[in-house]
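**Student:** Pasting a structure below so you can have a look.
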Amino acid sequence: MGNRNAYDHLFYPLSGEEEMASRKKRKTTTICFTNNKGGSGKSTTCANLGYELSVAGKKVLLVDGDMQLNLSLSFFDEDAVLALAESEKTLYEAIRGKKDLAEYVIETPHEGIDLVPSTTLMSQVDYDLFTMMQREFVLKKCLSGIKESGKYDYILIDAPPTLGIWVINILCASDYAILPMEASPWGFFGLANMFDFLNGLKDVTDAKIMGVLITKVDERKNYYKQARDILGNYKAIHVFESFIHVDSAIEWAQDASEPVAKYKKSTRSAVEFKKLAEEVIKHGSR
Ligand SMILES: Nc1ncnc2c1ncn2[C@@H]1O[C@H](COP(=O)(O)OP(=O)(O)OP(=O)(O)O)[C@@H](O)[C@H]1O
Ligand SMILES: [Mg+2]
């Protein structure tokens, strides 16, 4: 190869390796969506933020870390998701075999977004991890090849509403966590629990909290206003400027297995997820 001149690539196609090297490597930021409180908007945020990041020209890999398969269902219909879950190309198989996740990536119908699908077998992943060496870092190792390849700008991981060794794996594999929460008394209780849990993990993970995202907002409720004020008093907690209103288009979009902006571009939550994507991109350029 050493005796090629500068114009040779016009006549000789590059080999796969050369092509990879000639492309600019992306710095990959890994963000997880976590909150032990169920139904707080983790999967909805992960899917729609992922879509908006891709619309902004970013390359995105989504990792469905939950046995409920909700992230996968955001992009594929039920039959397709169940077929994927029954295949051997699932996150569960990768974790159990400590495989490079690159082998488990599938394309979604949207340009710039790929997915590692889940399976209901993820319900037993805590049990499987328990006997593994370095059990907190299995997902981190499975993702290391993809991160080093520089193929993606963002890897977004949807966590289940639990606080076991699998969620610890997700946090250890992440640079940042976004905590979606509903402005409700039990939403606050869940958030306080999450902060305790995250504080207890400081020795094993460097993941930082990028911010708390308030979801399913109904501004007619006084509790929402009080919640924003309470959160505002905790200077150490960043609350995203963007928040997501309750919007029935989200459910219709999920029914159609589409991101809400694809389903109805002008709907309120679509505009809000776009703004959230801008905040996340800006955070990275700080
Ligand atoms: N902004 C919104 N407006 C209306 N409905 C919403 C909104 N965000 C989420 N939902 C609905 O709320 C429910 C819970 O959302 P989602 O599944 O994203 O939460 P989750 O935190 O991932 O839940 P789990 O803890 O079970 O994984 C879903 O049925 C979803 O359709
Ligand atoms: Mg979920």
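Chain identifiers are assigned as A, B, and so on, following the order in which chains appear in the structure tokens; residues are numbered from 1 within each chain, and ligands are numbered from 1 in order of appearance.
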Skip Tyr263 of chain A itself and residues of its chain fewer than 6 positions away, then list as an NGL selection string all residues within 12 Å of it, counting only C-alpha atoms.

**Tutor:** :A and (48 or 51 or 74-75 or 248-257 or 269-270)

**Student:** Output C-alpha atoms of each residue in that selection to a file, as a PDB file, in the first residue's frame.

**Tutor:**
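Below is the file that was written, selection-v3.pdb:
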```pdb
ATOM      1  CA  ASN A  48     -38.055   9.916  20.801  1.00  0.00           C
ATOM      2  CA  TYR A  51     -35.131   9.813  16.767  1.00  0.00           C
ATOM      3  CA  SER A  74     -41.267   1.966  19.429  1.00  0.00           C
ATOM      4  CA  PHE A  75     -39.766   1.048  16.043  1.00  0.00           C
ATOM      5  CA  SER A 248     -52.216  11.713  23.406  1.00  0.00           C
ATOM      6  CA  ALA A 249     -50.242  11.637  20.124  1.00  0.00           C
ATOM      7  CA  ILE A 250     -47.551   9.722  22.031  1.00  0.00           C
ATOM      8  CA  GLU A 251     -49.858   6.782  22.578  1.00  0.00           C
ATOM      9  CA  TRP A 252     -51.073   6.847  18.964  1.00  0.00           C
ATOM     10  CA  ALA A 253     -47.486   6.966  17.768  1.00  0.00           C
ATOM     11  CA  GLN A 254     -46.577   4.016  19.980  1.00  0.00           C
ATOM     12  CA  ASP A 255     -49.618   2.180  18.635  1.00  0.00           C
ATOM     13  CA  ALA A 256     -48.168   2.740  15.139  1.00  0.00           C
ATOM     14  CA  SER A 257     -44.608   1.812  16.319  1.00  0.00           C
ATOM     15  CA  SER A 269     -44.420  16.530  22.466  1.00  0.00           C
ATOM     16  CA  ALA A 270     -42.603  16.212  19.109  1.00  0.00           C
TER      17      ALA A 270
END
```

**Student:** Neighbours of ligand 2 within 10 Å, counting only C-alpha atoms and all ligand atoms, as a list in words?

**Tutor:**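 Using only C-alpha atoms and all ligand atoms, everything at most 10 Å from ligand 2 comes to Phe33, Thr34, Asn35, Lys37, Gly38, Gly39, Ser40, Gly41, Lys42, Ser43, Thr44, Thr45, Cys46, Asp64, Gly65, Asp66, Met67, Gln68, Leu69, Asn70, Leu71, Asp158, Ala159, Pro160 and Pro161 of chain A.
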
**Student:** Just checking: using only C-alpha atoms and all ligand atoms, which residue out of A:Leu49, A:Asp196, A:Ile155, A:Asn233 ends up closest to ligand 1?

**Tutor:**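 The closest residue to ligand 1 is A:Leu49.
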
**Student:** When distances are computed from only C-alpha atoms, which of A:Ser87, A:Thr205, A:Ser184, A:Asn36 shows the smallest separation from Glu136 of chain A?

**Tutor:**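 Using only C-alpha atoms, Glu136 of chain A sits closest to A:Thr205.
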
**Student:** Set the distance at 8 Å and use only C-alpha atoms: which residues neighbour Ile95 of chain A once local chain neighbours fewer than 2 positions away are removed? I'd like the list as a PyMOL selection string.

**Tutor:** chain A and resi 91-93+97-99+138-139+142

**Student:** I want to know what sits within 10 Å of Leu115 of chain A, based on only C-alpha atoms, with residues of the same chain fewer than 4 positions away left out; could you give that as a ChimeraX atom specification?

**Tutor:** /A:60-64,71-72,75,91,104-108,155-157

**Student:** Restricted to N, CA and C atoms, what would the selected residues look like written as a compact mmCIF listing (two decimals), in the first residue's frame?

**Tutor:**
```
# COMPACT_ATOMS: atom_id res chain seq x y z
N VAL A 60 -27.13 7.07 15.80
CA VAL A 60 -27.63 6.65 17.11
C VAL A 60 -27.81 5.13 17.17
N LEU A 61 -27.32 4.55 18.26
CA LEU A 61 -27.61 3.14 18.54
C LEU A 61 -28.47 3.09 19.79
N LEU A 62 -29.63 2.42 19.69
CA LEU A 62 -30.51 2.25 20.84
C LEU A 62 -30.33 0.83 21.37
N VAL A 63 -30.22 0.72 22.68
CA VAL A 63 -30.08 -0.61 23.29
C VAL A 63 -31.30 -0.82 24.19
N ASP A 64 -32.12 -1.83 23.84
CA ASP A 64 -33.32 -2.10 24.62
C ASP A 64 -32.95 -3.00 25.80
N LEU A 71 -38.84 -0.30 24.02
CA LEU A 71 -38.01 0.46 23.08
C LEU A 71 -38.07 -0.19 21.69
N SER A 72 -38.00 -1.52 21.67
CA SER A 72 -38.10 -2.23 20.38
C SER A 72 -39.47 -1.96 19.74
N PHE A 75 -40.25 1.00 17.44
CA PHE A 75 -39.77 1.05 16.04
C PHE A 75 -40.28 -0.11 15.18
N LEU A 91 -30.12 -8.92 23.03
CA LEU A 91 -29.22 -8.42 24.06
C LEU A 91 -28.93 -9.51 25.09
N TYR A 104 -25.03 -7.85 17.19
CA TYR A 104 -26.45 -7.95 17.57
C TYR A 104 -27.26 -6.73 17.13
N VAL A 105 -26.62 -5.87 16.33
CA VAL A 105 -27.27 -4.63 15.91
C VAL A 105 -28.14 -4.87 14.69
N ILE A 106 -29.36 -4.32 14.72
CA ILE A 106 -30.20 -4.37 13.51
C ILE A 106 -30.56 -2.93 13.10
N GLU A 107 -30.90 -2.76 11.83
CA GLU A 107 -31.31 -1.43 11.37
C GLU A 107 -32.77 -1.21 11.69
N THR A 108 -33.14 0.02 12.03
CA THR A 108 -34.57 0.34 12.17
C THR A 108 -35.04 0.93 10.84
N ILE A 155 -25.02 6.34 22.02
CA ILE A 155 -25.63 5.05 22.35
C ILE A 155 -26.61 5.36 23.48
N LEU A 156 -27.87 5.04 23.26
CA LEU A 156 -28.90 5.31 24.28
C LEU A 156 -29.42 3.97 24.81
N ILE A 157 -29.41 3.83 26.13
CA ILE A 157 -29.80 2.55 26.73
C ILE A 157 -31.05 2.74 27.58
```

**Student:** Which of these, A:Met181, A:Val204, A:Ile209, A:Leu82, has the shortest distance to ligand 1 once you count only C-alpha atoms and all ligand atoms?

**Tutor:**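 Of A:Met181, A:Val204, A:Ile209, A:Leu82, the one nearest ligand 1, counting only C-alpha atoms and all ligand atoms, is A:Met181.
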
**Student:** Taking only C-alpha atoms and all ligand atoms into account, name the residue in A:Gln226, A:Ser242, A:Thr162, A:Thr131 that is nearest to ligand 1.

**Tutor:**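 Of A:Gln226, A:Ser242, A:Thr162, A:Thr131, the one nearest ligand 1 is A:Thr162, counting only C-alpha atoms and all ligand atoms.
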
**Student:** For each of A:Thr90, A:Ser118, A:Thr215, A:Thr29, take the minimum atom-to-atom distance to ligand 1, counting only C-alpha atoms and all ligand atoms, then give the residue where this is smallest.

**Tutor:**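 That would be A:Thr215, the residue with the smallest distance to ligand 1.
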